[in-house]
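Colleague: Sharing start_17.json here; it has JSON, C-alpha atoms and all ligand atoms.
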[["chain", "number", "residue", "atom", "x", "y", "z"],
["J", 54, "MET", "CA", 0.00, 0.00, 0.00],
["J", 55, "ILE", "CA", 1.26, 3.46, -0.91],
["J", 56, "LYS", "CA", 1.92, 5.78, 2.05],
["J", 57, "TYR", "CA", 1.91, 9.52, 2.40],
["J", 58, "ASN", "CA", 5.41, 10.71, 3.20],
["J", 59, "GLY", "CA", 4.34, 14.14, 4.45],
["J", 60, "SER", "CA", 5.31, 16.05, 1.35],
["J", 61, "LYS", "CA", 4.08, 14.54, -1.91],
["J", 62, "LYS", "CA", 0.35, 13.99, -1.87],
["J", 63, "ILE", "CA", -1.12, 10.85, -3.45],
["J", 64, "LYS", "CA", -2.60, 11.73, -6.83],
["J", 65, "THR", "CA", -6.24, 10.73, -6.83],
["J", 66, "ALA", "CA", -9.09, 10.42, -9.31],
["J", 67, "VAL", "CA", -12.66, 10.56, -7.97],
["J", 68, "PHE", "CA", -15.36, 8.70, -9.91],
["J", 69, "ILE", "CA", -18.93, 10.01, -9.60],
["J", 70, "SER", "CA", -22.37, 9.51, -11.11],
["J", 71, "GLY", "CA", -24.53, 12.03, -9.26],
["J", 72, "THR", "CA", -24.64, 14.91, -6.82],
["J", 73, "GLY", "CA", -21.01, 14.71, -5.81],
["J", 74, "SER", "CA", -21.32, 15.76, -2.17],
["J", 75, "ASN", "CA", -18.62, 13.24, -1.22],
["J", 76, "LEU", "CA", -16.45, 14.57, -4.05],
["J", 77, "LYS", "CA", -16.89, 18.15, -2.84],
["J", 78, "ASN", "CA", -16.05, 17.07, 0.69],
["J", 79, "LEU", "CA", -12.91, 15.18, -0.39],
["J", 80, "ILE", "CA", -11.77, 18.21, -2.38],
["J", 81, "LYS", "CA", -12.24, 20.36, 0.74],
["J", 82, "PHE", "CA", -10.14, 17.95, 2.83],
["J", 83, "SER", "CA", -7.50, 17.55, 0.13],
["J", 84, "LYS", "CA", -6.73, 21.24, 0.49],
["J", 85, "GLN", "CA", -5.64, 20.77, 4.11],
["J", 86, "LYS", "CA", -1.90, 20.81, 4.51],
["J", 87, "ASN", "CA", -1.48, 17.33, 5.95],
["J", 88, "PHE", "CA", -4.25, 15.48, 4.17],
["J", 89, "PRO", "CA", -2.60, 12.61, 2.23],
["J", 90, "ILE", "CA", -4.29, 12.96, -1.16],
["J", 91, "SER", "CA", -4.78, 15.56, -3.87],
["J", 92, "ILE", "CA", -7.73, 15.38, -6.25],
["J", 93, "ASN", "CA", -6.35, 15.62, -9.77],
["J", 94, "LEU", "CA", -9.08, 14.14, -11.90],
["J", 95, "ILE", "CA", -12.87, 13.68, -11.83],
["J", 96, "ILE", "CA", -14.43, 10.94, -13.91],
["J", 97, "SER", "CA", -18.13, 10.41, -14.49],
["J", 98, "ASN", "CA", -20.32, 8.07, -16.50],
["J", 99, "LYS", "CA", -23.08, 10.70, -16.63],
["J", 100, "PHE", "CA", -22.90, 13.86, -18.70],
["J", 101, "LYS", "CA", -25.50, 15.42, -16.41],
["J", 102, "ALA", "CA", -23.93, 14.46, -13.07],
["J", 103, "LYS", "CA", -24.40, 17.51, -10.81],
["J", 104, "GLY", "CA", -21.07, 16.85, -9.16],
["J", 105, "LEU", "CA", -19.21, 17.73, -12.36],
["J", 106, "ILE", "CA", -19.71, 21.35, -11.35],
["J", 107, "TYR", "CA", -16.95, 20.89, -8.75],
["J", 108, "GLY", "CA", -14.47, 20.32, -11.55],
["J", 109, "LYS", "CA", -15.27, 23.77, -12.79],
["J", 110, "ILE", "CA", -15.40, 25.43, -9.36],
["J", 111, "PHE", "CA", -12.11, 23.95, -8.13],
["J", 112, "LYS", "CA", -10.37, 23.84, -11.51],
["J", 113, "ILE", "CA", -9.92, 20.07, -11.54],
["J", 114, "LYS", "CA", -9.73, 18.23, -14.83],
["J", 115, "LYS", "CA", -12.94, 16.29, -15.52],
["J", 116, "LYS", "CA", -13.93, 13.76, -18.13],
["J", 117, "VAL", "CA", -17.20, 11.97, -18.89],
["J", 118, "PHE", "CA", -17.38, 8.54, -20.51],
["J", 119, "ASN", "CA", -20.48, 6.75, -21.63],
["J", 120, "PHE", "CA", -20.08, 3.13, -20.73],
["J", 121, "ASP", "CA", -21.89, 1.70, -23.78],
["J", 122, "ASN", "CA", -18.83, -0.39, -24.54],
["J", 123, "LYS", "CA", -17.38, -1.07, -21.08],
["J", 124, "ILE", "CA", -14.13, -2.74, -22.13],
["J", 125, "PHE", "CA", -13.32, 0.01, -24.62],
["J", 126, "THR", "CA", -14.28, 2.76, -22.12],
["J", 127, "GLU", "CA", -12.21, 1.26, -19.34],
["J", 128, "LYS", "CA", -9.18, 1.13, -21.63],
["J", 129, "LYS", "CA", -9.60, 4.83, -22.32],
["J", 130, "ILE", "CA", -10.01, 5.56, -18.63],
["J", 131, "LEU", "CA", -6.89, 3.57, -17.78],
["J", 132, "SER", "CA", -4.78, 5.48, -20.25],
["J", 133, "LEU", "CA", -6.13, 8.77, -18.87],
["J", 134, "LEU", "CA", -5.24, 7.64, -15.34],
["J", 135, "VAL", "CA", -1.72, 6.71, -16.43],
["J", 136, "LYS", "CA", -1.32, 9.97, -18.33],
["J", 137, "ASN", "CA", -2.27, 11.92, -15.21],
["J", 138, "LYS", "CA", -0.07, 9.75, -12.95],
["J", 139, "ILE", "CA", -3.07, 8.77, -10.84],
["J", 140, "GLU", "CA", -2.14, 6.52, -7.91],
["J", 141, "LEU", "CA", -5.51, 6.12, -6.18],
["J", 142, "ILE", "CA", -9.17, 5.96, -7.24],
["J", 143, "CYS", "CA", -11.95, 7.02, -4.88],
["J", 144, "LEU", "CA", -15.41, 5.92, -5.94],
["J", 145, "ALA", "CA", -17.94, 8.40, -4.59],
["J", 146, "GLY", "CA", -21.46, 7.57, -5.66],
["J", 147, "PHE", "CA", -20.18, 5.92, -8.85],
["J", 148, "MET", "CA", -23.00, 3.65, -9.98],
["J", 149, "LYS", "CA", -21.18, 1.52, -12.56],
["J", 150, "ILE", "CA", -19.54, -1.79, -11.77],
["J", 151, "LEU", "CA", -15.92, -1.84, -12.91],
["J", 152, "SER", "CA", -14.63, -4.97, -14.63],
["J", 153, "LYS", "CA", -12.39, -7.49, -12.89],
["J", 154, "SER", "CA", -9.50, -6.66, -15.20],
["J", 155, "PHE", "CA", -9.79, -2.92, -14.49],
["J", 156, "ILE", "CA", -9.85, -3.56, -10.75],
["J", 157, "GLN", "CA", -6.84, -5.89, -10.99],
["J", 158, "LYS", "CA", -4.84, -3.21, -12.77],
["J", 159, "PHE", "CA", -5.49, -0.86, -9.84],
["J", 160, "ASN", "CA", -5.38, -3.64, -7.29],
["J", 161, "GLY", "CA", -5.63, -2.38, -3.71],
["J", 162, "LYS", "CA", -5.77, 1.21, -4.90],
["J", 163, "ILE", "CA", -9.51, 1.69, -5.35],
["J", 164, "LEU", "CA", -11.69, 2.85, -2.45],
["J", 165, "ASN", "CA", -15.46, 3.02, -2.25],
["J", 166, "ILE", "CA", -17.99, 4.48, 0.14],
["J", 167, "HIS", "CA", -21.17, 2.50, 0.55],
["J", 168, "PRO", "CA", -24.33, 3.57, 2.41],
["J", 169, "SER", "CA", -24.84, 0.50, 4.61],
["J", 170, "LEU", "CA", -23.14, -1.53, 7.29],
["J", 171, "LEU", "CA", -21.43, -3.97, 4.94],
["J", 172, "PRO", "CA", -21.55, -6.94, 4.55],
["J", 173, "LYS", "CA", -25.26, -6.13, 4.98],
["J", 174, "TYR", "CA", -27.02, -4.67, 1.93],
["J", 175, "LYS", "CA", -24.52, -4.76, -0.88],
["J", 176, "GLY", "CA", -25.77, -3.11, -4.07],
["J", 177, "LEU", "CA", -28.65, -0.67, -4.42],
["J", 178, "ASN", "CA", -31.50, 0.70, -2.28],
["J", 179, "THR", "CA", -29.70, 0.06, 0.97],
["J", 180, "HIS", "CA", -31.82, 2.44, 3.07],
["J", 181, "ALA", "CA", -35.16, 1.03, 1.89],
["J", 182, "ARG", "CA", -33.91, -2.49, 2.60],
["J", 183, "ALA", "CA", -32.72, -1.62, 6.11],
["J", 184, "LEU", "CA", -36.10, 0.01, 6.88],
["J", 185, "LYS", "CA", -38.08, -2.87, 5.42],
["J", 186, "ASN", "CA", -36.21, -5.28, 7.67],
["J", 187, "HIS", "CA", -36.92, -3.07, 10.72],
["J", 188, "ASP", "CA", -33.20, -2.80, 11.45],
["J", 189, "LYS", "CA", -32.32, -0.71, 14.48],
["J", 190, "TYR", "CA", -29.12, 0.57, 12.90],
["J", 191, "SER", "CA", -27.78, 1.36, 9.50],
["J", 192, "GLY", "CA", -24.61, 3.20, 8.55],
["J", 193, "CYS", "CA", -21.87, 3.63, 6.03],
["J", 194, "THR", "CA", -18.68, 1.81, 5.12],
["J", 195, "VAL", "CA", -15.44, 2.71, 3.38],
["J", 196, "HIS", "CA", -13.82, -0.34, 1.81],
["J", 197, "LEU", "CA", -11.21, -1.38, -0.69],
["J", 198, "VAL", "CA", -12.68, -2.50, -3.99],
["J", 199, "ASN", "CA", -12.10, -6.07, -5.13],
["J", 200, "SER", "CA", -13.69, -7.99, -7.95],
["J", 201, "LYS", "CA", -16.79, -8.93, -5.92],
["J", 202, "LEU", "CA", -19.44, -6.23, -5.45],
["J", 203, "ASP", "CA", -19.07, -4.28, -2.18],
["J", 204, "SER", "CA", -16.96, -7.07, -0.69],
["J", 205, "GLY", "CA", -13.41, -5.71, -0.33],
["J", 206, "LYS", "CA", -11.58, -5.16, 2.94],
["J", 207, "ILE", "CA", -13.39, -2.76, 5.25],
["J", 208, "ILE", "CA", -11.33, 0.26, 6.29],
["J", 209, "LEU", "CA", -13.85, 2.10, 8.48],
["J", 210, "GLN", "CA", -17.50, 1.84, 9.30],
["J", 211, "LYS", "CA", -19.97, 4.09, 11.13],
["J", 212, "LYS", "CA", -23.10, 2.75, 12.79],
["J", 213, "ILE", "CA", -26.10, 5.10, 12.79],
["J", 214, "LYS", "CA", -29.39, 4.70, 14.63],
["J", 215, "ILE", "CA", -32.57, 4.32, 12.61],
["J", 216, "TYR", "CA", -35.49, 6.31, 14.04],
["J", 217, "LYS", "CA", -39.11, 5.10, 14.07],
["J", 218, "ASN", "CA", -40.25, 7.82, 11.68],
["J", 219, "ASP", "CA", -37.35, 7.46, 9.22],
["J", 220, "ASN", "CA", -38.01, 6.97, 5.53],
["J", 221, "PRO", "CA", -35.35, 6.18, 2.88],
["J", 222, "SER", "CA", -34.84, 9.86, 2.21],
["J", 223, "SER", "CA", -34.41, 11.01, 5.83],
["J", 224, "LEU", "CA", -32.12, 8.09, 6.56],
["J", 225, "SER", "CA", -30.04, 8.69, 3.46],
["J", 226, "LYS", "CA", -29.59, 12.37, 4.34],
["J", 227, "ARG", "CA", -28.49, 11.56, 7.89],
["J", 228, "ILE", "CA", -26.08, 8.87, 6.75],
["J", 229, "LEU", "CA", -24.62, 11.12, 4.04],
["J", 230, "LYS", "CA", -23.51, 13.60, 6.73],
["J", 231, "HIS", "CA", -21.58, 10.80, 8.40],
["J", 232, "GLU", "CA", -20.13, 9.69, 5.06],
["J", 233, "HIS", "CA", -18.54, 13.12, 4.85],
["J", 234, "LYS", "CA", -16.63, 12.37, 8.06],
["J", 235, "LEU", "CA", -15.95, 8.72, 7.38],
["J", 236, "TYR", "CA", -14.37, 8.95, 3.92],
["J", 237, "PRO", "CA", -11.61, 11.42, 4.92],
["J", 238, "ALA", "CA", -11.01, 9.51, 8.15],
["J", 239, "ALA", "CA", -10.57, 6.25, 6.22],
["J", 240, "ILE", "CA", -8.12, 7.91, 3.84],
["J", 241, "LYS", "CA", -6.06, 9.20, 6.76],
["J", 242, "LYS", "CA", -6.13, 5.78, 8.40],
["J", 243, "LEU", "CA", -4.96, 4.05, 5.23],
["J", 244, "PHE", "CA", -2.20, 6.35, 4.09],
["J", 245, "TYR", "CA", -0.53, 7.56, 7.28],
["C", 1, "LIG", "C1", -23.66, 8.22, -1.27],
["C", 1, "LIG", "O1", -24.62, 7.98, -0.29],
["C", 1, "LIG", "C2", -22.81, 6.98, -1.49],
["C", 1, "LIG", "O2", -22.57, 6.26, -0.32],
["C", 1, "LIG", "C3", -23.69, 6.20, -2.44],
["C", 1, "LIG", "O3", -24.21, 7.16, -3.32],
["C", 1, "LIG", "C4", -24.30, 8.41, -2.64],
["C", 1, "LIG", "C5", -23.60, 9.47, -3.46],
["C", 1, "LIG", "O4", -23.80, 10.75, -2.94],
["C", 1, "LIG", "N1", -22.93, 5.20, -3.10],
["C", 1, "LIG", "C6", -23.43, 4.03, -3.48],
["C", 1, "LIG", "O5", -24.58, 3.71, -3.29],
["C", 1, "LIG", "C7", -22.44, 3.13, -4.18],
["C", 1, "LIG", "N2", -22.96, 1.83, -4.33],
["C", 1, "LIG", "P1", -22.93, 11.98, -3.46],
["C", 1, "LIG", "O6", -23.01, 11.96, -4.98],
["C", 1, "LIG", "O7", -23.64, 13.19, -2.90],
["C", 1, "LIG", "O8", -21.55, 11.80, -2.94]]
Could you take the file, read its structure, and then write that structure out as structure tokens?
Ligand code: GAR

Modeller:
Amino acid sequence: MIKYNGSKKIKTAVFISGTGSNLKNLIKFSKQKNFPISINLIISNKFKAKGLIYGKIFKIKKKVFNFDNKIFTEKKILSLLVKNKIELICLAGFMKILSKSFIQKFNGKILNIHPSLLPKYKGLNTHARALKNHDKYSGCTVHLVNSKLDSGKIILQKKIKIYKNDNPSSLSKRILKHEHKLYPAAIKKLFY
């Protein structure tokens, strides 16, 4: 695993599909003097992803790829990552599944944030599933990405109480606030 040596930040690409609140938050942290990573590239599979605005605001290079031909697209992404000397990928609300071969090429250097207490509720609609099962707690997890969906090594996890009157939207909003603490904390834990 790469480590932060206190001077040269780890060059990072953030992959998004939507709002990009985690992206915005990681950019904010990356500007702190001792935070281990810099955000050098934003990649999205959606031309209309709201989060792309942060590329413009913070002057970070951004690129959108449609994934119609996944193998071809991933090849193009890989060469862009190499060209930009990217050392780490942070998935932040990226709703495409990367191929095994892509993940192997960046083995151990892809992180993801997932809105559940993994290994519970891999995949989509995590909040609705937790509510349907009358769980007392839900949460969020930062993990390394391996070739099985939402199954890589867990770096950090935060448990959050579910209230009686929660619905998927209220729960998702509350968990998202904790995601904004958990993702930077996991990055510090990994790279220091
Ligand atoms: C976050 O809640 C993140 O955990 C989730 O999408 C949201 C993105 O929000 N990710 C997944 O569900 C991945 N399977 P953001 O665009 O505001 O960061």

Colleague: Starting from 5 Å padding per side, set up an axis-aligned box that covers all listed atoms of ligand LIG 1 (chain C) and hand over centre and edge lengths in Å, one decimal, as lines of an AutoDock Vina configuration file.

Modeller:
center_x = -23.1
center_y = 7.5
center_z = -2.6
size_x = 13.1
size_y = 21.4
size_z = 14.7

Colleague: Quick one, how far is atom CA of Lys149 of chain J from atom CA of Ile240 of chain J?

Modeller: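 Atom CA of Ile240 of chain J lies 21.9 Å from atom CA of Lys149 of chain J.
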
Colleague: Using all atoms listed in the file, what table do you get, as a Markdown table, when you list each residue of chain J with an atom no more than 9 Å from ligand LIG 1 (chain C), its nearest pair of atoms, and their distance in Å rounded to one decimal, rows by chain then rising number?

Modeller:
| residue | atom | partner | partner_atom | distance |
| --- | --- | --- | --- | --- |
| J:Ile69 | CA | C:LIG1 | O6 | 6.5 |
| J:Ser70 | CA | C:LIG1 | O6 | 6.6 |
| J:Gly71 | CA | C:LIG1 | O6 | 4.5 |
| J:Thr72 | CA | C:LIG1 | O6 | 3.8 |
| J:Gly73 | CA | C:LIG1 | O6 | 3.5 |
| J:Ser74 | CA | C:LIG1 | O7 | 3.5 |
| J:Asn75 | CA | C:LIG1 | O8 | 3.7 |
| J:Leu76 | CA | C:LIG1 | O8 | 5.9 |
| J:Lys77 | CA | C:LIG1 | O8 | 7.9 |
| J:Asn78 | CA | C:LIG1 | O8 | 8.4 |
| J:Ala102 | CA | C:LIG1 | O6 | 8.5 |
| J:Lys103 | CA | C:LIG1 | O6 | 8.2 |
| J:Gly104 | CA | C:LIG1 | O6 | 6.7 |
| J:Leu144 | CA | C:LIG1 | C7 | 7.8 |
| J:Ala145 | CA | C:LIG1 | O8 | 5.2 |
| J:Gly146 | CA | C:LIG1 | C5 | 3.6 |
| J:Phe147 | CA | C:LIG1 | C7 | 5.9 |
| J:Met148 | CA | C:LIG1 | C7 | 5.9 |
| J:Lys149 | CA | C:LIG1 | N2 | 8.4 |
| J:Ile150 | CA | C:LIG1 | N2 | 9.0 |
| J:Asn165 | CA | C:LIG1 | C7 | 7.2 |
| J:Ile166 | CA | C:LIG1 | O2 | 4.9 |
| J:His167 | CA | C:LIG1 | O2 | 4.1 |
| J:Pro168 | CA | C:LIG1 | O2 | 4.2 |
| J:Ser169 | CA | C:LIG1 | O2 | 7.9 |
| J:Lys175 | CA | C:LIG1 | N2 | 7.6 |
| J:Gly176 | CA | C:LIG1 | N2 | 5.7 |
| J:Leu177 | CA | C:LIG1 | O5 | 6.1 |
| J:Asn178 | CA | C:LIG1 | O5 | 7.6 |
| J:Thr179 | CA | C:LIG1 | O5 | 7.6 |
| J:Cys193 | CA | C:LIG1 | O2 | 6.9 |
| J:Thr194 | CA | C:LIG1 | O2 | 8.0 |
| J:Val195 | CA | C:LIG1 | O2 | 8.8 |
| J:Leu202 | CA | C:LIG1 | N2 | 8.9 |
| J:Asp203 | CA | C:LIG1 | N2 | 7.6 |
| J:Ser225 | CA | C:LIG1 | O1 | 6.6 |
| J:Lys226 | CA | C:LIG1 | O1 | 8.1 |
| J:Ile228 | CA | C:LIG1 | O1 | 7.2 |
| J:Leu229 | CA | C:LIG1 | O1 | 5.3 |
| J:Glu232 | CA | C:LIG1 | O2 | 6.8 |
| J:His233 | CA | C:LIG1 | O8 | 8.5 |

Colleague: Report, in Å to a single decimal, how far apart atom CA of Lys114 of chain J and atom CA of Lys136 of chain J are.

Modeller: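 Computing the Euclidean distance for atom CA of Lys136 of chain J and atom CA of Lys114 of chain J yields 12.3 Å.
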
Colleague: Can you tell me, as a PyMOL selection string, what residues are no more than 12 Å from Asp219 of chain J when counting all atoms listed in the file, ignoring any on the same chain fewer than 6 positions away?

Modeller: chain J and resi 180-181+183-185+187-191+225-228

Colleague: What is the distance, in Å and to one decimal place, between atom CA of Tyr57 of chain J and atom CA of Ile96 of chain J?

Modeller: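 Distance reported for this atom pair: 23.1 Å.
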
Colleague: Using all atoms listed in the file and a cutoff of 10 Å, can you tell me which residues are near (-9.8, 5.3, -16.8) in the file's coordinates, and write them out as a ChimeraX atom specification?

Modeller: /J:66,68,96,116,118,126-136,139,142,155

Colleague: Point out the residue among J:Lys138, J:Lys112, J:Lys214, J:Lys162 with the least atom-to-atom distance to Phe244 of chain J, counting only C-alpha atoms.

Modeller: J:Lys162

Colleague: For Gln157 of chain J, which residue out of J:Lys234, J:Lys201, J:Lys173, J:Lys115 is the nearest one, using all atoms listed in the file?

Modeller: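 Among the listed residues, J:Lys201 lies closest to Gln157 of chain J.
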
Colleague: Which of these, J:Asn137, J:Ser60, J:Gln210, J:Asn122, has the shortest distance to Ile92 of chain J once you count all atoms listed in the file?

Modeller: J:Asn137

Colleague: Leaving out Ile208 of chain J and any residue of its chain fewer than 6 positions from it, which residues lie within 8 Å of it when counting only C-alpha atoms, given as a list in words?

Modeller: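 Surrounding residues, per the criterion: Thr194, Val195, His196, Leu197, Ala239, Lys242 and Leu243 of chain J.
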